[in-house]
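Heads up: the structure comes next, in structure tokens.
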Amino acid sequence: MFIKKRPSWALPSCEITPESAYLNRRQFMSGTIAVAAGLSIPGLVSAAQLPVPGEALDFVAMPGYSTDEEKTPLEDVTQYNNFYEFGTGKGDPARYANEMTVDPWSVVVEGECGRPGKYALEDILKPHEYQERVYRLRCVEAWSMVIPWIGVPLADVLQKFEPNLRARYVYFETLYDPDQMRGQRSLFSTIDWPYQEGLRMDEAMNELGFLAVGLYGKTMPNQNGAPIRLVLPWKYGFKSIKSIVKIRFQEQRPKTTWEMIAPQEYGFYANVNPEVDHPRWSQKRERRLPSGLLSPNWMETEKFNGYAEQVAHLYKGMDLRKYY
Amino acid sequence: MTWSGWSGHPRFLLVFRLLAALLASLPLLLLGQGIFARSLGPDPGQAVTESLGIAALQLLIATLAMTPLRRWTGWGGWIRIRRMLGLFAFFYAVLHVLAFLQFVLGWTDLWATFTKRPYIVAGALSFLMLVPLALTSTKGMMKRLGKHWKQLHKLVYPIVVVAWIHFVWQARSDVGEMVFYGVLVLFLLAVRWRWGGSRSMIPFVRG
């Protein structure tokens, strides 16, 4: 797929622990030379550990956009997912997402912009350098993860399509293909497929907005939204739409999938906010995964998931209890 | 020996009851195995709480199925395991409530949880109604309560309905599982309605 060669001026990432070493850090620490030698060659050992064999990507680490909190292990990031297109169980996406073909992939761009059209994914990504950003992900269900994403800034990609002055919102859509996505075949689903999301244009242009094509240094596993997904770390996870096939610039505010199902529970903005409870549970705290039975990993949830400095200005003067 | 001969044999009944007990313990055994093998995923507290809740609902439904089974098969063995199944349902409900308090809430936010969240209120209500049934499940209590015992234990009908509502109100998008259990509950209540009329379904009323 879209493997990029690292340009000569870009420094290799030296801050990132290879995932294999990370996953086996206890063994690693124990210091057997043989083990250490084996694990220090990523690709040799790690390929066998990946549930979906990903291709290594070249990227530049972005410390300014990364947290140094402990990362959620790859295993949990790829086995514990909400991707209802493949079923509502947390393990369903890992089980069934391999039924989806992600190569070739194209994205339709339409609406209020100068360069609408159907783009091959490679063409969208080509002009951009891959970055790695380690973001917190806070699910509306009150659990959270820390994930090293590989991708490109959302604003850079959107700008290339030359949105015009009437483009006040941007709409995103996930693949709809019941043959490949068994969750869309369910008779009892209340979701009106395809999955839809949207952002106000200034939100989409914020520096934090990220279009991810991989994680832990490799191409995106299908269950995490391959081949291209949104990552909006200051919003609840469901805003970060997966497996995107359509981007539309529009004047009217789009309706989002969760808003259509339960508007009193899931607003358009869905900013992480400990002060506004979900009607069914509190949002004051979160369980940082992996959590244990005897030692639950509780922590206080921060406003805008700790990214207030970068995004709070977007919502100045807005009543966040009303615009949740 | 004929079916009617050996189906009433004490040893056959004992084996039947042991099998039923084993089956009713299965959710707990599987959960224990999952905890031991660390195969419950990165959020085991949530997984344990949900599994225990489902087990409680399943056992409640199983309890409700015993009377119709006796009527259809004419075999009294079903009734001999009814109390045990009911107590298993209570047992899972107790563990479910404790797991929720410990793993999901961490004993915080209690007031808001039990006043503001409708699905929790429904779950709590269902659990509270189950308590007197468990407490009066002994032979001694049956004797002491006499005809009132049956009237009291009709509470199991609202209990299973409210427990189901508690389950449905947690649905996010796919309601397949809820529909499945709902159909079972509806069916088990409908046959009673047909047999005894609506009065027979109301707790604290003779019928």
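Chains: A, B, ... in order of the structure tokens. Residues: from 1 per chain. Ligands: from 1, in order shown.
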Quick check: residues of chain B within 12 Å of chain A, only C-alpha atoms, returned as a ChimeraX atom specification.
/B:34-36,38-50,99-100,102-121,166,169-180
Expressed in Å to a single decimal, how great is the separation between atom CA of A:Tyr323 and atom CA of A:Asn271?
9.0 Å
Atom CA of A:Pro116 to atom CA of A:Arg168, straight-line distance in Å
16.0 Å
Work out how far atom CA of B:Thr136 is from atom CA of B:Phe204, in Å to one decimal.
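Separation of atom CA of B:Phe204 and atom CA of B:Thr136: 14.4 Å.
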Name all residues at most 8 Å from A:Thr67 (count only C-alpha atoms; drop same-chain ones fewer than 4 positions away) and give them as a compact mmCIF listing (two decimals) with N, CA and C atoms, in the first residue's frame.
```
# COMPACT_ATOMS: atom_id res chain seq x y z
N PRO A 63 6.78 15.38 19.04
CA PRO A 63 6.71 15.47 20.51
C PRO A 63 5.75 16.58 20.97
N VAL A 134 1.06 10.95 19.69
CA VAL A 134 0.55 10.08 20.75
C VAL A 134 -0.56 10.84 21.48
N TYR A 135 -1.80 10.47 21.19
CA TYR A 135 -2.95 11.18 21.72
C TYR A 135 -3.70 10.34 22.75
N ARG A 136 -4.37 11.04 23.67
CA ARG A 136 -5.33 10.36 24.54
C ARG A 136 -6.63 10.16 23.75
```
Report as a ChimeraX atom specification all protein, DNA and RNA residues lying within 12 Å of A:Val213, evaluated on only C-alpha atoms, omitting residues in the same chain fewer than 5 positions from it.
/A:1-4,54-59,102,121-122,124-125,128-133,148-154,218-222,224-231,242-244
Please list as a list in words every residue within 12 Å of B:Leu128, counting only C-alpha atoms and excluding residues in the same chain fewer than 6 positions away.
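In the requested form, the answer reads Phe90, Ala93, Val94, Val97, Val121, Ala122, Ala134, Leu135, Leu155, Val156, Pro158, Ile159, Val162 and Ala163 of chain B.
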DSSP-assigned alpha helix (DSSP H) members of stretch 91-287 of chain A, reported as a list in words
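Matching residues, listed in order: Asp92, Pro93, Ala94, Arg95, Tyr96, Leu121, Glu122, Asp123, Ile124, Leu125, Leu154, Ala155, Asp156, Val157, Leu158, Gln159, Lys160, Met201, Asp202, Glu203, Ala204, Thr257, Trp258, Glu259, Met260 and Ile261 of chain A.
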All residues 9 Å or closer to B:Ala20, only C-alpha atoms, same chain fewer than 4 positions away omitted, as number ranges by chain:
B: 15-16, 24-25, 81, 84-85
